[in-house]
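J.: This is the structure I have questions about; it appears just below.
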Amino acid sequence: MGDLKDVAVNRMTGKVCDERIAQMKHAKRRVIGNLGNPNLLFDYTNREIGTLPDDNRAHFKWVSEVAYKNIHRIVTRGYDTTELVEAGYGVCDVLFIDFQARIPLVEERKVLDYILLVGLEDGLSNPALVARLVARGKSYLTQAAGASVFAFGEAYGAFKNFGYMLEKYYNMIAEKGISAADAAALCVEECYHEDHFGIDEKYVKDPTPRDLLAYAEKTIAGKKELKYIPFLKEVVKAAQAKIGYVEADFMAAATAAMMDLDFTPDAAWCIMGVTRAFSAGAHVCEEIERECERDGFDTYGKTLTPKEWYDGPTDRPVPSLSERSGFKGGQAQTPEEWKKMWDRKAKELSGSGFAIDFVLDDARKVVHGKKK
Amino acid sequence: MDRKPLIQRKTGISYKTEEKTVLRGFDVRELANAGYTFIDGLYILFQGRIPAENERAMLDYEVAEFLEHSMSPSAAAAIGVMNGHPMLPAAVGASIATFGGAHGPGAQHGYMMKKYLDRAVLEHKTVEQVAVECVDEYMDAGRAVMGMGQPQHLDGDPRAEPTHLKQEEIGVVGVYLKFQRALEKRFYARRFAEGRSYVAVNMIGAGNTALSDMGFSPNAAWTIGCVTRGYSCSCHALFTLKKGRAWGASRNEPMVQMLDLSMIKYIGPEDREVPLQSEREAYAMNELKTGEFKKWVI
């Protein structure tokens, strides 16, 4: 073992980053490539080998506020799950317990049940299609059903984004001392173009979201104060004044109702994504039973793409490797040159990703948006 | 607004128009307004029928009890994925996809039961006879009898026997529970006779049996089981997102974290020098000749 001051010190900080390194062996290595460069942050030719020894902290445990189990019981939020079901509690009750650590009012349970039933199936929409496509590879049903949840994003099934939007403008009533109508108008003004706005013409002929809101109001009224359903109605009113005849869609109505049941927007997103995965399972079964039975499963390379669907660069000869030496690289040297290249690729090369904004404001709030 | 479907398919599950969404012939709005439940919806989705009240109660019991199971591969997957802070659905979808041949193999159990019940029909045997044959053939072949054994609940999954009892109590008993009861009896007896350790019924043996007697196909039952767990896994993912440390490797936590470097135990080849390109061909040829590498190939 060499002197740690020589081998393990960070050349920027002048310190050894972890005292456990002192307990480890070091191996002198010859210089390979750039690894002898003195500008590297530490000495690559004399690094410790082997895995890090234990330190004096407590051993790793799965830490959870949600649940534990032992050999004889499974407990969620303090309640034994077998005792719960033997006492007559059902799936909607356990959802409240898991996500909120409380037993819901009977009326709350009924409202959640209503939402889950109405949200169970949505025809040949994205989750069902994703599940069907995955199933065509003869994957496990669970892979296909799991993949269906991936379809939930910030446009399709944007329960989270819609919920946080509603919460933000609802909170302005107290924070800014403005009326609900003013907060709703501001919400419309600032958000009506967003993919997660949830109020448009989709459901003007289908009364399901209105029925859902009416049922929730009727069922919970007198039991607890509703905040988000009345505010959603204000937002719809403001949207109608600005845009014309629009209504809250199912996503908006379900989210507002779930928030009045005290579910967070994140929880609403998860619960609805999982709920839809049940029907994705049925779509998987049907895809296998009807489509794959007739056409066979999809094998790698089976699917063709017609040339008439192609609008990329025209067919061209492949240059020889010797010709490659004359090619220029793709590095921009100035910001102006970089900008020009970026815009050209965004315009000319679909699939390159340059036409999409990917904004990572906060590690906990990943925002994807199509470039306006 | 273009509302055309992305792919063309005939489907017997549902249709959706501007006016309504219809599931197996029922307008879902009318179902909800009439007081039907999400559990009823699962029967309509997978079986095209409204269940009897005791069937509804049985499925509600089972889904509610199956929903949360603390730390299983599915919850661990949800937590592991969420450590990277992707969008929540990534963690939730991954948790559902953990279900396979070891964790919640519902379809395998269902098809095992079907295989032997088919035999009962073809060979005019009783349910009890084919259950005994099932156990004997699986054990003779050294295969795991589906629905038996759980590595954490060594005295039997605490939910399992109560599920059997609930089926009997509320009258949702059919050929599957009879088969499963006979299977368990034979399984316990044979292991005892062979001096082997006690291995109890697990939640697949109990829950999947109940789902089968409720009329669900093996794949529908599998969907219900695995997707139900997705609810609680999303809860574990949310806890990780909101109250945990991203990455699971922070040295500032009082407890060693899941991905702390000290959690790694390496049992692969010893550390070795990287050969230079000039040494490469001879080095690689020597590796091929000695064949030492083969013990590491996976």
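Each chain of the structure tokens is named A, B, ... in the order shown, its residues numbered from 1; ligands are numbered from 1 in display order.
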Considering only C-alpha atoms, return as a ChimeraX atom specification whatever protein or nucleic-acid residues lie within 8 Å of B:Asp213, sequence-local ones (same chain, fewer than 4 positions apart) excluded.

T.: /B:172-177,209

J.: Would you kindly return, as a PDB file with N, CA and C atoms, in the first residue's frame, each protein, DNA or RNA residue with an atom no farther than 10 Å from any atom of stretch 304-318 of chain A, considering only C-alpha atoms and excluding same-chain residues fewer than 2 positions away?

T.:
```pdb
ATOM      1  N   GLY A 301     -37.592  -7.974 -37.397  1.00  0.00           N
ATOM      2  CA  GLY A 301     -37.369  -7.763 -38.832  1.00  0.00           C
ATOM      3  C   GLY A 301     -38.581  -8.058 -39.699  1.00  0.00           C
ATOM      4  N   LYS A 302     -39.669  -8.503 -39.086  1.00  0.00           N
ATOM      5  CA  LYS A 302     -40.847  -8.888 -39.874  1.00  0.00           C
ATOM      6  C   LYS A 302     -41.569  -7.680 -40.479  1.00  0.00           C
ATOM      7  N   SER A 320     -16.721   5.060 -49.584  1.00  0.00           N
ATOM      8  CA  SER A 320     -15.728   4.097 -49.106  1.00  0.00           C
ATOM      9  C   SER A 320     -15.072   4.660 -47.839  1.00  0.00           C
ATOM     10  N   LEU A 321     -14.455   3.801 -47.058  1.00  0.00           N
ATOM     11  CA  LEU A 321     -13.784   4.259 -45.838  1.00  0.00           C
ATOM     12  C   LEU A 321     -12.661   5.237 -46.161  1.00  0.00           C
ATOM     13  N   GLU A 323     -12.698   7.442 -48.455  1.00  0.00           N
ATOM     14  CA  GLU A 323     -13.293   8.764 -48.717  1.00  0.00           C
ATOM     15  C   GLU A 323     -13.630   9.482 -47.410  1.00  0.00           C
ATOM     16  N   GLU A 348     -34.610  19.940 -40.498  1.00  0.00           N
ATOM     17  CA  GLU A 348     -34.398  19.018 -41.607  1.00  0.00           C
ATOM     18  C   GLU A 348     -34.343  17.549 -41.224  1.00  0.00           C
ATOM     19  N   LEU A 349     -34.058  17.249 -39.965  1.00  0.00           N
ATOM     20  CA  LEU A 349     -33.810  15.855 -39.626  1.00  0.00           C
ATOM     21  C   LEU A 349     -34.740  15.368 -38.517  1.00  0.00           C
ATOM     22  N   SER A 350     -35.938  14.987 -38.926  1.00  0.00           N
ATOM     23  CA  SER A 350     -36.870  14.491 -37.910  1.00  0.00           C
ATOM     24  C   SER A 350     -36.297  13.223 -37.294  1.00  0.00           C
ATOM     25  N   GLY A 351     -36.504  13.071 -36.019  1.00  0.00           N
ATOM     26  CA  GLY A 351     -35.941  11.910 -35.320  1.00  0.00           C
ATOM     27  C   GLY A 351     -34.595  12.208 -34.690  1.00  0.00           C
TER      28      GLY A 351
END
```

J.: Return the single residue from B:Ala200, B:Ala144, B:Val256, B:Ala206 that is closest to chain A, with distances computed using only C-alpha atoms.

T.: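 The answer is B:Val256, which sits nearest to chain A.
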
J.: Report as CSV the residues of chain A within 7 Å of chain B, each with its shortest atom pair and distance in Å (one decimal), using only C-alpha atoms, ordered by chain and increasing residue number.

T.:
```
residue,atom,partner,partner_atom,distance
A:Thr51,CA,B:Ile264,CA,6.5
A:Leu52,CA,B:Ser262,CA,4.7
A:Pro53,CA,B:Ser262,CA,5.5
A:Asp54,CA,B:Ser262,CA,5.4
A:Arg57,CA,B:Met255,CA,5.4
A:Ala58,CA,B:Met255,CA,4.7
A:His59,CA,B:Val256,CA,5.5
A:Phe60,CA,B:Val256,CA,4.8
A:Val66,CA,B:His236,CA,6.8
A:Ala67,CA,B:Ser70,CA,5.0
A:Tyr68,CA,B:Ser70,CA,5.0
A:Lys69,CA,B:Ser70,CA,6.0
A:Ile71,CA,B:His153,CA,4.3
A:His72,CA,B:Pro158,CA,5.5
A:Arg73,CA,B:Pro158,CA,5.8
A:Ile74,CA,B:His69,CA,6.3
A:Thr76,CA,B:Glu68,CA,6.9
A:Thr81,CA,B:Glu65,CA,5.6
A:Thr82,CA,B:Arg159,CA,5.9
A:Val85,CA,B:Tyr61,CA,5.5
A:Gly90,CA,B:Ala64,CA,5.1
A:Val91,CA,B:Ala64,CA,4.0
A:Val94,CA,B:Ala64,CA,6.0
A:Asp98,CA,B:Ser232,CA,6.6
A:Phe99,CA,B:Cys235,CA,6.0
A:Asp113,CA,B:Phe38,CA,5.5
A:Tyr114,CA,B:Ala32,CA,5.6
A:Leu116,CA,B:Phe38,CA,5.5
A:Leu117,CA,B:Phe38,CA,4.1
A:Val118,CA,B:Val28,CA,5.6
A:Asp122,CA,B:Thr21,CA,6.9
A:Gly123,CA,B:Tyr15,CA,5.3
A:Leu124,CA,B:Pro5,CA,6.7
A:Thr142,CA,B:Ala97,CA,4.9
A:Gln143,CA,B:Ala97,CA,4.6
A:Gly146,CA,B:Gly93,CA,4.0
A:Ala147,CA,B:Gly93,CA,5.6
A:Val149,CA,B:Gly93,CA,5.2
A:Phe150,CA,B:Pro89,CA,5.3
A:Phe152,CA,B:Pro89,CA,6.5
A:Tyr203,CA,B:Glu18,CA,6.8
A:Lys205,CA,B:Glu19,CA,4.9
A:Asp206,CA,B:Glu19,CA,4.0
A:Thr208,CA,B:Arg29,CA,5.6
A:Cys270,CA,B:Ser234,CA,5.9
A:Ile271,CA,B:Tyr231,CA,6.0
A:Val274,CA,B:Gly230,CA,6.0
A:Ala277,CA,B:Val227,CA,6.4
A:Phe278,CA,B:Val227,CA,6.2
A:Ser279,CA,B:Leu45,CA,6.8
A:Gly281,CA,B:Thr223,CA,5.6
A:Ala282,CA,B:Phe46,CA,6.3
A:Ala363,CA,B:His85,CA,6.7
A:Arg364,CA,B:His85,CA,6.6
```

J.: Using only C-alpha atoms, which protein or nucleic acid residues come within 6 Å of stretch 25-33 of chain A? Drop anything in the same chain fewer than 3 positions from it, and give the result as a PyMOL selection string.

T.: chain A and resi 1+36+45-49

J.: Store the residues of this selection in a file with C-alpha atoms, as a tab-separated table (two decimals), in the first residue's frame.

T.:
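Below is the file that was written, part28.tsv:
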```
chain	number	residue	atom	x	y	z
A	1	MET	CA	0.00	0.00	0.00
A	36	GLY	CA	-1.31	9.63	-16.70
A	45	THR	CA	-2.18	4.73	-11.93
A	46	ASN	CA	-2.44	3.99	-8.22
A	47	ARG	CA	-6.08	3.52	-7.32
A	48	GLU	CA	-7.49	1.31	-4.59
A	49	ILE	CA	-8.75	-2.11	-5.66
```

J.: I'd like the neighbourhood of stretch 176-182 of chain A as a ChimeraX atom specification, where a residue qualifies if any of its atoms comes within 7 Å (using only C-alpha atoms), though same-chain residues fewer than 3 positions away should be ignored.

T.: /A:172-173,185-186,231,234

J.: Find the residues near A:Glu107: any atom within 9 Å, counting only C-alpha atoms, skip ones fewer than 6 places away on the same chain, and give them as a list in words.

T.: Ala216, Thr219, Ile220 and Lys223 of chain A

J.: Please, which residues of stretch 140-215 of chain B, numbered as in this document, come out alpha helix (DSSP H) from DSSP, as a PDB file with C-alpha atoms, in the first residue's frame?

T.:
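selection22.pdb was written with the following content:
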```pdb
ATOM      1  CA  ASP B 140     -40.963 -36.655  -9.192  1.00  0.00           C
ATOM      2  CA  ALA B 160     -53.542 -17.747   2.028  1.00  0.00           C
ATOM      3  CA  GLU B 161     -55.623 -19.962   4.290  1.00  0.00           C
ATOM      4  CA  PRO B 162     -57.999 -17.103   5.200  1.00  0.00           C
ATOM      5  CA  THR B 163     -58.624 -16.719   1.460  1.00  0.00           C
ATOM      6  CA  HIS B 164     -59.570 -20.387   1.163  1.00  0.00           C
ATOM      7  CA  LEU B 165     -61.843 -19.977   4.179  1.00  0.00           C
ATOM      8  CA  LYS B 166     -63.430 -16.841   2.761  1.00  0.00           C
ATOM      9  CA  GLN B 167     -64.184 -18.661  -0.476  1.00  0.00           C
ATOM     10  CA  GLU B 168     -65.942 -21.344   1.516  1.00  0.00           C
ATOM     11  CA  GLU B 169     -67.684 -18.880   3.813  1.00  0.00           C
ATOM     12  CA  ILE B 170     -69.281 -16.827   1.091  1.00  0.00           C
ATOM     13  CA  VAL B 175     -63.657 -27.151  -8.922  1.00  0.00           C
ATOM     14  CA  TYR B 176     -60.483 -25.138  -8.480  1.00  0.00           C
ATOM     15  CA  LEU B 177     -60.635 -24.906  -4.701  1.00  0.00           C
ATOM     16  CA  LYS B 178     -61.396 -28.616  -4.545  1.00  0.00           C
ATOM     17  CA  PHE B 179     -58.331 -29.249  -6.695  1.00  0.00           C
ATOM     18  CA  GLN B 180     -56.143 -26.907  -4.652  1.00  0.00           C
ATOM     19  CA  ARG B 181     -57.239 -28.379  -1.321  1.00  0.00           C
ATOM     20  CA  ALA B 182     -56.458 -31.872  -2.597  1.00  0.00           C
ATOM     21  CA  LEU B 183     -53.148 -30.682  -4.003  1.00  0.00           C
ATOM     22  CA  GLU B 184     -52.110 -29.166  -0.690  1.00  0.00           C
ATOM     23  CA  LYS B 185     -53.107 -32.295   1.224  1.00  0.00           C
ATOM     24  CA  ARG B 186     -51.005 -34.495  -1.044  1.00  0.00           C
ATOM     25  CA  PHE B 187     -48.118 -32.012  -1.101  1.00  0.00           C
ATOM     26  CA  TYR B 188     -47.871 -31.783   2.691  1.00  0.00           C
ATOM     27  CA  ALA B 189     -48.183 -35.542   3.099  1.00  0.00           C
ATOM     28  CA  ARG B 190     -45.504 -36.294   0.572  1.00  0.00           C
ATOM     29  CA  ARG B 191     -43.006 -33.829   1.925  1.00  0.00           C
ATOM     30  CA  PHE B 192     -43.656 -35.111   5.444  1.00  0.00           C
ATOM     31  CA  ALA B 193     -43.213 -38.723   4.299  1.00  0.00           C
ATOM     32  CA  MET B 203     -50.868 -16.430  -2.173  1.00  0.00           C
ATOM     33  CA  THR B 209     -57.507 -20.534  -7.023  1.00  0.00           C
ATOM     34  CA  ALA B 210     -60.139 -18.093  -5.846  1.00  0.00           C
ATOM     35  CA  LEU B 211     -59.829 -15.998  -9.003  1.00  0.00           C
ATOM     36  CA  SER B 212     -60.232 -19.132 -11.080  1.00  0.00           C
ATOM     37  CA  ASP B 213     -63.362 -20.113  -9.191  1.00  0.00           C
TER      38      ASP B 213
END
```

J.: Just give me the gap between atom CA of B:Ala131 and atom CA of B:Asp118 in Å, one decimal is fine.

T.: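 Computing it gives 11.5 Å between the two atoms.
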